[in-house]
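Structure data (JSON, C-alpha atoms) from data06.json:
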```
[["chain", "number", "residue", "atom", "x", "y", "z"],
["A", 1, "MET", "CA", 102.04, 106.82, 131.42],
["A", 2, "ARG", "CA", 100.74, 109.10, 128.76],
["A", 3, "GLY", "CA", 97.00, 109.50, 128.67],
["A", 4, "LYS", "CA", 94.81, 111.01, 126.02],
["A", 5, "SER", "CA", 95.13, 114.51, 127.45],
["A", 6, "THR", "CA", 97.64, 116.34, 129.59],
["A", 7, "PRO", "CA", 96.72, 116.13, 133.27],
["A", 8, "LYS", "CA", 95.75, 119.41, 134.94],
["A", 9, "ASN", "CA", 97.70, 118.73, 138.14],
["A", 10, "VAL", "CA", 99.93, 116.17, 139.83],
["A", 11, "ASP", "CA", 97.10, 114.33, 141.58],
["A", 12, "GLU", "CA", 95.31, 113.88, 138.25],
["A", 13, "TYR", "CA", 98.55, 112.59, 136.69],
["A", 14, "LEU", "CA", 99.06, 110.06, 139.49],
["A", 15, "ALA", "CA", 95.43, 108.94, 139.33],
["A", 16, "GLY", "CA", 96.05, 107.91, 135.72],
["A", 17, "VAL", "CA", 99.12, 105.81, 136.52],
["A", 18, "PRO", "CA", 98.48, 102.08, 137.05],
["A", 19, "GLU", "CA", 99.87, 100.17, 140.01],
["A", 20, "PRO", "CA", 102.56, 99.40, 141.02],
["A", 21, "ALA", "CA", 104.02, 102.54, 139.42],
["A", 22, "ARG", "CA", 101.45, 104.82, 141.12],
["A", 23, "SER", "CA", 102.55, 103.79, 144.61],
["A", 24, "THR", "CA", 106.20, 104.03, 143.62],
["A", 25, "LEU", "CA", 105.76, 107.57, 142.26],
["A", 26, "LYS", "CA", 103.70, 108.64, 145.27],
["A", 27, "HIS", "CA", 106.58, 107.53, 147.46],
["A", 28, "ILE", "CA", 109.12, 109.41, 145.31],
["A", 29, "ARG", "CA", 106.89, 112.50, 145.51],
["A", 30, "ALA", "CA", 106.76, 112.30, 149.32],
["A", 31, "VAL", "CA", 110.55, 111.94, 149.55],
["A", 32, "ILE", "CA", 111.09, 114.94, 147.28],
["A", 33, "ARG", "CA", 108.58, 117.01, 149.26],
["A", 34, "SER", "CA", 110.46, 116.18, 152.48],
["A", 35, "VAL", "CA", 113.60, 118.04, 151.35],
["A", 36, "VAL", "CA", 112.50, 120.90, 149.09],
["A", 37, "PRO", "CA", 112.04, 124.45, 150.43],
["A", 38, "THR", "CA", 108.50, 125.34, 151.48],
["A", 39, "GLU", "CA", 108.17, 127.79, 148.56],
["A", 40, "THR", "CA", 108.54, 124.93, 146.08],
["A", 41, "THR", "CA", 105.54, 124.34, 143.85],
["A", 42, "GLU", "CA", 104.40, 121.32, 141.89],
["A", 43, "VAL", "CA", 103.44, 121.74, 138.27],
["A", 44, "ILE", "CA", 102.80, 119.68, 135.19],
["A", 45, "SER", "CA", 105.43, 120.42, 132.56],
["A", 46, "TYR", "CA", 105.88, 118.47, 129.34],
["A", 47, "GLY", "CA", 103.02, 116.28, 130.58],
["A", 48, "ILE", "CA", 104.80, 115.10, 133.75],
["A", 49, "PRO", "CA", 104.92, 116.21, 137.40],
["A", 50, "MET", "CA", 107.73, 118.65, 138.14],
["A", 51, "PHE", "CA", 108.91, 120.43, 141.26],
["A", 52, "LYS", "CA", 109.70, 124.10, 140.71],
["A", 53, "TYR", "CA", 111.91, 126.32, 142.90],
["A", 54, "ASN", "CA", 113.89, 129.14, 141.29],
["A", 55, "GLY", "CA", 113.28, 127.20, 138.08],
["A", 56, "MET", "CA", 112.62, 123.53, 137.51],
["A", 57, "LEU", "CA", 114.20, 121.15, 140.02],
["A", 58, "VAL", "CA", 113.17, 117.60, 139.29],
["A", 59, "GLY", "CA", 110.39, 115.68, 137.60],
["A", 60, "TYR", "CA", 109.20, 112.10, 137.61],
["A", 61, "ALA", "CA", 107.05, 109.93, 135.39],
["A", 62, "ALA", "CA", 105.77, 106.43, 134.73],
["A", 63, "PHE", "CA", 106.29, 104.60, 131.47],
["A", 64, "LYS", "CA", 105.23, 101.17, 130.25],
["A", 65, "ASN", "CA", 108.22, 99.27, 131.63],
["A", 66, "HIS", "CA", 109.81, 101.64, 134.15],
["A", 67, "CYS", "CA", 109.62, 104.91, 136.05],
["A", 68, "SER", "CA", 112.01, 107.82, 135.61],
["A", 69, "LEU", "CA", 113.38, 110.66, 137.67],
["A", 70, "PHE", "CA", 114.37, 113.75, 135.70],
["A", 71, "PRO", "CA", 116.77, 116.02, 137.57],
["A", 72, "THR", "CA", 116.95, 119.18, 135.50],
["A", 73, "GLY", "CA", 120.26, 120.90, 134.96],
["A", 74, "SER", "CA", 123.26, 119.52, 133.21],
["A", 75, "GLY", "CA", 125.63, 117.14, 134.92],
["A", 76, "VAL", "CA", 123.59, 116.47, 138.07],
["A", 77, "LEU", "CA", 123.57, 112.72, 137.57],
["A", 78, "ASP", "CA", 127.30, 112.72, 136.82],
["A", 79, "ARG", "CA", 127.96, 113.68, 140.45],
["A", 80, "PHE", "CA", 126.26, 110.51, 141.65],
["A", 81, "GLU", "CA", 127.79, 108.13, 139.12],
["A", 82, "LYS", "CA", 128.98, 105.58, 141.70],
["A", 83, "GLU", "CA", 125.60, 105.44, 143.49],
["A", 84, "LEU", "CA", 123.76, 105.12, 140.18],
["A", 85, "SER", "CA", 125.83, 102.24, 138.82],
["A", 86, "GLY", "CA", 122.94, 99.77, 139.17],
["A", 87, "TYR", "CA", 120.48, 101.98, 137.28],
["A", 88, "ARG", "CA", 119.96, 102.90, 133.66],
["A", 89, "THR", "CA", 120.80, 106.55, 133.11],
["A", 90, "SER", "CA", 121.12, 109.02, 130.28],
["A", 91, "LYS", "CA", 122.08, 112.68, 130.29],
["A", 92, "GLY", "CA", 119.09, 113.85, 132.30],
["A", 93, "THR", "CA", 117.18, 110.70, 133.17],
["A", 94, "LEU", "CA", 117.40, 108.06, 135.85],
["A", 95, "GLN", "CA", 115.28, 104.96, 135.20],
["A", 96, "PHE", "CA", 114.13, 102.55, 137.91],
["A", 97, "PRO", "CA", 111.66, 99.66, 138.18],
["A", 98, "SER", "CA", 107.97, 100.54, 138.41],
["A", 99, "ASP", "CA", 107.62, 98.39, 141.51],
["A", 100, "LYS", "CA", 110.73, 99.56, 143.37],
["A", 101, "ALA", "CA", 111.36, 103.19, 144.28],
["A", 102, "LEU", "CA", 114.85, 104.61, 144.30],
["A", 103, "PRO", "CA", 116.52, 104.66, 147.73],
["A", 104, "ASP", "CA", 115.23, 107.61, 149.74],
["A", 105, "ALA", "CA", 118.74, 108.80, 150.60],
["A", 106, "LEU", "CA", 119.71, 108.90, 146.93],
["A", 107, "VAL", "CA", 116.60, 110.87, 145.92],
["A", 108, "LYS", "CA", 117.24, 113.33, 148.76],
["A", 109, "LYS", "CA", 120.87, 113.85, 147.67],
["A", 110, "ILE", "CA", 119.87, 114.48, 144.06],
["A", 111, "VAL", "CA", 117.08, 116.89, 145.02],
["A", 112, "LYS", "CA", 119.26, 118.78, 147.50],
["A", 113, "ALA", "CA", 121.92, 119.16, 144.80],
["A", 114, "ARG", "CA", 119.30, 120.58, 142.44],
["A", 115, "VAL", "CA", 117.98, 123.00, 145.11],
["A", 116, "LYS", "CA", 121.52, 124.21, 145.79],
["A", 117, "ALA", "CA", 122.21, 124.67, 142.07],
["A", 118, "ASN", "CA", 119.00, 126.67, 141.60],
["A", 119, "GLU", "CA", 119.74, 128.84, 144.63],
["A", 120, "GLU", "CA", 123.22, 129.58, 143.32],
["A", 121, "TRP", "CA", 121.84, 130.41, 139.88],
["A", 122, "ASP", "CA", 119.28, 132.86, 141.29]]
```
Final structure tokens representation of the file:
Amino acid sequence: MRGKSTPKNVDEYLAGVPEPARSTLKHIRAVIRSVVPTETTEVISYGIPMFKYNGMLVGYAAFKNHCSLFPTGSGVLDRFEKELSGYRTSKGTLQFPSDKALPDALVKKIVKARVKANEEWD
């Protein structure tokens, strides 16, 4: 959810997100953290939390009627088309309900694909 000013860090961003989206995004954050390399950092980019490792990996955000996962890099979501059939997607965005996180296994697959892509690019 966009506030009046850009948050300084991820915890500040999450503090400004109302429930149930806050809990959902905290869960998504924990799942992402569980699979990224230890050198990965968390930043605020374009006003949303992003994970950075050899470039941007994935971001997430809350909006009025949904949450979104933003895997950077072209074509990442195309690889998971079958698993994403129940979700609203666009070129670089995966939307899901504010009160229901994406399946952990799916998030892990997407993040691992992004890590691999960034390692190969490096």
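CA of Tyr46 (chain A) is found 24.9 Å from CA of Asp104 (chain A).
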With 12 Å as the threshold, what does the neighbourhood of (108.6, 123.1, 147.1) contain in terms of residues, counting all atoms listed in the file? Coordinates are those of the file; answer as a PDB file with C-alpha atoms, keeping the file's coordinate frame.
```
ATOM      1  CA  ARG A  29     106.890 112.500 145.510  1.00  0.00           C
ATOM      2  CA  ALA A  30     106.760 112.300 149.320  1.00  0.00           C
ATOM      3  CA  VAL A  31     110.550 111.940 149.550  1.00  0.00           C
ATOM      4  CA  ILE A  32     111.090 114.940 147.280  1.00  0.00           C
ATOM      5  CA  ARG A  33     108.580 117.010 149.260  1.00  0.00           C
ATOM      6  CA  SER A  34     110.460 116.180 152.480  1.00  0.00           C
ATOM      7  CA  VAL A  35     113.600 118.040 151.350  1.00  0.00           C
ATOM      8  CA  VAL A  36     112.500 120.900 149.090  1.00  0.00           C
ATOM      9  CA  PRO A  37     112.040 124.450 150.430  1.00  0.00           C
ATOM     10  CA  THR A  38     108.500 125.340 151.480  1.00  0.00           C
ATOM     11  CA  GLU A  39     108.170 127.790 148.560  1.00  0.00           C
ATOM     12  CA  THR A  40     108.540 124.930 146.080  1.00  0.00           C
ATOM     13  CA  THR A  41     105.540 124.340 143.850  1.00  0.00           C
ATOM     14  CA  GLU A  42     104.400 121.320 141.890  1.00  0.00           C
ATOM     15  CA  VAL A  43     103.440 121.740 138.270  1.00  0.00           C
ATOM     16  CA  MET A  50     107.730 118.650 138.140  1.00  0.00           C
ATOM     17  CA  PHE A  51     108.910 120.430 141.260  1.00  0.00           C
ATOM     18  CA  LYS A  52     109.700 124.100 140.710  1.00  0.00           C
ATOM     19  CA  TYR A  53     111.910 126.320 142.900  1.00  0.00           C
ATOM     20  CA  ASN A  54     113.890 129.140 141.290  1.00  0.00           C
ATOM     21  CA  GLY A  55     113.280 127.200 138.080  1.00  0.00           C
ATOM     22  CA  MET A  56     112.620 123.530 137.510  1.00  0.00           C
ATOM     23  CA  LEU A  57     114.200 121.150 140.020  1.00  0.00           C
ATOM     24  CA  VAL A  58     113.170 117.600 139.290  1.00  0.00           C
ATOM     25  CA  VAL A 111     117.080 116.890 145.020  1.00  0.00           C
ATOM     26  CA  LYS A 112     119.260 118.780 147.500  1.00  0.00           C
ATOM     27  CA  ARG A 114     119.300 120.580 142.440  1.00  0.00           C
ATOM     28  CA  VAL A 115     117.980 123.000 145.110  1.00  0.00           C
TER      29      VAL A 115
END
```
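Between CA of Asp99 (chain A) and CA of Val17 (chain A) the interatomic distance comes to 12.3 Å.
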What is the CA of Pro7 (chain A)-CA of Ile48 (chain A) distance in Å, reported with one decimal? 8.2 Å
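Proximity ranking of A:Ala61, A:Ala113, A:Val107, A:Leu94 relative to Val76 (chain A) places A:Ala113 first, based on all atoms listed in the file.
Counting only C-alpha atoms and comparing A:Phe70, A:Tyr60, A:Trp121, A:Phe80, the residue that lies closest to Lys26 (chain A) is A:Tyr60.
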Tell me which protein, DNA and RNA residues are within 12 Å of Gln95 (chain A), counting all atoms listed in the file, leaving out same-chain ones fewer than 5 positions away, and put them as a count of residues only. 23
Selected residue of minimal separation from Thr93 (chain A) among A:Arg22, A:Asn118, A:Thr72, A:Ala105, counting all atoms listed in the file: A:Thr72
Do you know which residues lie at most 7 Å from (97.7, 115.2, 134.1), with coordinates as in the file and all atoms listed in the file counted, and could you write them as a PDB file with C-alpha atoms, in the frame of the given file?
```pdb
ATOM      1  CA  THR A   6      97.640 116.340 129.590  1.00  0.00           C
ATOM      2  CA  PRO A   7      96.720 116.130 133.270  1.00  0.00           C
ATOM      3  CA  LYS A   8      95.750 119.410 134.940  1.00  0.00           C
ATOM      4  CA  ASN A   9      97.700 118.730 138.140  1.00  0.00           C
ATOM      5  CA  VAL A  10      99.930 116.170 139.830  1.00  0.00           C
ATOM      6  CA  GLU A  12      95.310 113.880 138.250  1.00  0.00           C
ATOM      7  CA  TYR A  13      98.550 112.590 136.690  1.00  0.00           C
ATOM      8  CA  ILE A  44     102.800 119.680 135.190  1.00  0.00           C
ATOM      9  CA  GLY A  47     103.020 116.280 130.580  1.00  0.00           C
TER      10      GLY A  47
END
```
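Checking A:Lys91, A:Ala117, A:Gly59, A:Gly73 one by one against Ile28 (chain A), counting all atoms listed in the file, you find the shortest gap at A:Gly59.
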Since the input is missing atoms for region 109-120 of chain A, could you rebuild it with all heavy atoms and give the result as a PDB file, in the frame of the given file?
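What ended up in selection20.pdb:
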```
ATOM      1  N   LYS A 109     119.590 113.266 148.103  1.00  0.00           N
ATOM      2  CA  LYS A 109     120.870 113.850 147.670  1.00  0.00           C
ATOM      3  C   LYS A 109     120.727 114.556 146.327  1.00  0.00           C
ATOM      4  O   LYS A 109     121.232 115.661 146.141  1.00  0.00           O
ATOM      5  CB  LYS A 109     121.950 112.762 147.545  1.00  0.00           C
ATOM      6  CG  LYS A 109     122.533 112.303 148.838  1.00  0.00           C
ATOM      7  CD  LYS A 109     123.623 111.283 148.521  1.00  0.00           C
ATOM      8  CE  LYS A 109     124.121 110.582 149.748  1.00  0.00           C
ATOM      9  NZ  LYS A 109     125.145 109.576 149.409  1.00  0.00           N
ATOM     10  N   ILE A 110     120.052 113.898 145.397  1.00  0.00           N
ATOM     11  CA  ILE A 110     119.870 114.480 144.060  1.00  0.00           C
ATOM     12  C   ILE A 110     119.042 115.765 144.152  1.00  0.00           C
ATOM     13  O   ILE A 110     119.398 116.791 143.570  1.00  0.00           O
ATOM     14  CB  ILE A 110     119.222 113.456 143.101  1.00  0.00           C
ATOM     15  CG1 ILE A 110     120.210 112.313 142.802  1.00  0.00           C
ATOM     16  CG2 ILE A 110     118.762 114.134 141.807  1.00  0.00           C
ATOM     17  CD1 ILE A 110     119.594 111.136 142.079  1.00  0.00           C
ATOM     18  N   VAL A 111     117.955 115.716 144.901  1.00  0.00           N
ATOM     19  CA  VAL A 111     117.080 116.890 145.020  1.00  0.00           C
ATOM     20  C   VAL A 111     117.797 118.034 145.729  1.00  0.00           C
ATOM     21  O   VAL A 111     117.721 119.185 145.298  1.00  0.00           O
ATOM     22  CB  VAL A 111     115.755 116.524 145.726  1.00  0.00           C
ATOM     23  CG1 VAL A 111     114.918 117.764 146.001  1.00  0.00           C
ATOM     24  CG2 VAL A 111     114.966 115.526 144.881  1.00  0.00           C
ATOM     25  N   LYS A 112     118.518 117.722 146.786  1.00  0.00           N
ATOM     26  CA  LYS A 112     119.260 118.780 147.500  1.00  0.00           C
ATOM     27  C   LYS A 112     120.307 119.411 146.595  1.00  0.00           C
ATOM     28  O   LYS A 112     120.530 120.625 146.644  1.00  0.00           O
ATOM     29  CB  LYS A 112     119.914 118.213 148.759  1.00  0.00           C
ATOM     30  CG  LYS A 112     118.919 117.953 149.873  1.00  0.00           C
ATOM     31  CD  LYS A 112     119.612 117.337 151.083  1.00  0.00           C
ATOM     32  CE  LYS A 112     118.627 117.037 152.190  1.00  0.00           C
ATOM     33  NZ  LYS A 112     119.291 116.428 153.360  1.00  0.00           N
ATOM     34  N   ALA A 113     120.945 118.619 145.754  1.00  0.00           N
ATOM     35  CA  ALA A 113     121.920 119.160 144.800  1.00  0.00           C
ATOM     36  C   ALA A 113     121.239 120.096 143.812  1.00  0.00           C
ATOM     37  O   ALA A 113     121.782 121.144 143.454  1.00  0.00           O
ATOM     38  CB  ALA A 113     122.635 118.024 144.058  1.00  0.00           C
ATOM     39  N   ARG A 114     120.043 119.734 143.372  1.00  0.00           N
ATOM     40  CA  ARG A 114     119.300 120.580 142.440  1.00  0.00           C
ATOM     41  C   ARG A 114     118.852 121.881 143.117  1.00  0.00           C
ATOM     42  O   ARG A 114     118.918 122.951 142.527  1.00  0.00           O
ATOM     43  CB  ARG A 114     118.070 119.828 141.886  1.00  0.00           C
ATOM     44  CG  ARG A 114     118.433 118.740 140.897  1.00  0.00           C
ATOM     45  CD  ARG A 114     119.047 119.306 139.629  1.00  0.00           C
ATOM     46  NE  ARG A 114     118.177 120.332 139.087  1.00  0.00           N
ATOM     47  CZ  ARG A 114     118.538 121.616 138.904  1.00  0.00           C
ATOM     48  NH1 ARG A 114     119.744 122.041 139.167  1.00  0.00           N
ATOM     49  NH2 ARG A 114     117.661 122.486 138.414  1.00  0.00           N
ATOM     50  N   VAL A 115     118.392 121.796 144.369  1.00  0.00           N
ATOM     51  CA  VAL A 115     117.980 123.000 145.110  1.00  0.00           C
ATOM     52  C   VAL A 115     119.176 123.944 145.230  1.00  0.00           C
ATOM     53  O   VAL A 115     119.074 125.139 144.948  1.00  0.00           O
ATOM     54  CB  VAL A 115     117.414 122.638 146.496  1.00  0.00           C
ATOM     55  CG1 VAL A 115     117.266 123.882 147.364  1.00  0.00           C
ATOM     56  CG2 VAL A 115     116.071 121.920 146.350  1.00  0.00           C
ATOM     57  N   LYS A 116     120.312 123.393 145.630  1.00  0.00           N
ATOM     58  CA  LYS A 116     121.520 124.210 145.790  1.00  0.00           C
ATOM     59  C   LYS A 116     121.903 124.874 144.464  1.00  0.00           C
ATOM     60  O   LYS A 116     122.230 126.065 144.427  1.00  0.00           O
ATOM     61  CB  LYS A 116     122.664 123.343 146.304  1.00  0.00           C
ATOM     62  CG  LYS A 116     123.913 124.125 146.605  1.00  0.00           C
ATOM     63  CD  LYS A 116     124.994 123.244 147.200  1.00  0.00           C
ATOM     64  CE  LYS A 116     126.194 124.121 147.548  1.00  0.00           C
ATOM     65  NZ  LYS A 116     127.440 123.435 147.452  1.00  0.00           N
ATOM     66  N   ALA A 117     121.870 124.114 143.390  1.00  0.00           N
ATOM     67  CA  ALA A 117     122.210 124.670 142.070  1.00  0.00           C
ATOM     68  C   ALA A 117     121.267 125.805 141.690  1.00  0.00           C
ATOM     69  O   ALA A 117     121.694 126.839 141.188  1.00  0.00           O
ATOM     70  CB  ALA A 117     122.190 123.570 141.010  1.00  0.00           C
ATOM     71  N   ASN A 118     119.974 125.627 141.943  1.00  0.00           N
ATOM     72  CA  ASN A 118     119.000 126.670 141.600  1.00  0.00           C
ATOM     73  C   ASN A 118     119.153 127.894 142.489  1.00  0.00           C
ATOM     74  O   ASN A 118     118.917 129.012 142.046  1.00  0.00           O
ATOM     75  CB  ASN A 118     117.565 126.130 141.642  1.00  0.00           C
ATOM     76  CG  ASN A 118     117.200 125.390 140.380  1.00  0.00           C
ATOM     77  OD1 ASN A 118     118.066 125.017 139.586  1.00  0.00           O
ATOM     78  ND2 ASN A 118     115.918 125.166 140.188  1.00  0.00           N
ATOM     79  N   GLU A 119     119.524 127.700 143.739  1.00  0.00           N
ATOM     80  CA  GLU A 119     119.740 128.840 144.630  1.00  0.00           C
ATOM     81  C   GLU A 119     120.980 129.628 144.198  1.00  0.00           C
ATOM     82  O   GLU A 119     120.988 130.856 144.260  1.00  0.00           O
ATOM     83  CB  GLU A 119     119.886 128.371 146.069  1.00  0.00           C
ATOM     84  CG  GLU A 119     118.574 127.933 146.677  1.00  0.00           C
ATOM     85  CD  GLU A 119     118.693 127.362 148.061  1.00  0.00           C
ATOM     86  OE1 GLU A 119     119.807 126.963 148.480  1.00  0.00           O
ATOM     87  OE2 GLU A 119     117.645 127.294 148.739  1.00  0.00           O
ATOM     88  N   GLU A 120     121.999 128.919 143.762  1.00  0.00           N
ATOM     89  CA  GLU A 120     123.220 129.580 143.320  1.00  0.00           C
ATOM     90  C   GLU A 120     123.013 130.316 142.006  1.00  0.00           C
ATOM     91  O   GLU A 120     123.661 131.311 141.739  1.00  0.00           O
ATOM     92  CB  GLU A 120     124.368 128.561 143.181  1.00  0.00           C
ATOM     93  CG  GLU A 120     124.831 128.049 144.521  1.00  0.00           C
ATOM     94  CD  GLU A 120     125.810 126.874 144.404  1.00  0.00           C
ATOM     95  OE1 GLU A 120     126.047 126.378 143.294  1.00  0.00           O
ATOM     96  OE2 GLU A 120     126.308 126.455 145.462  1.00  0.00           O
TER      97      GLU A 120
END
```
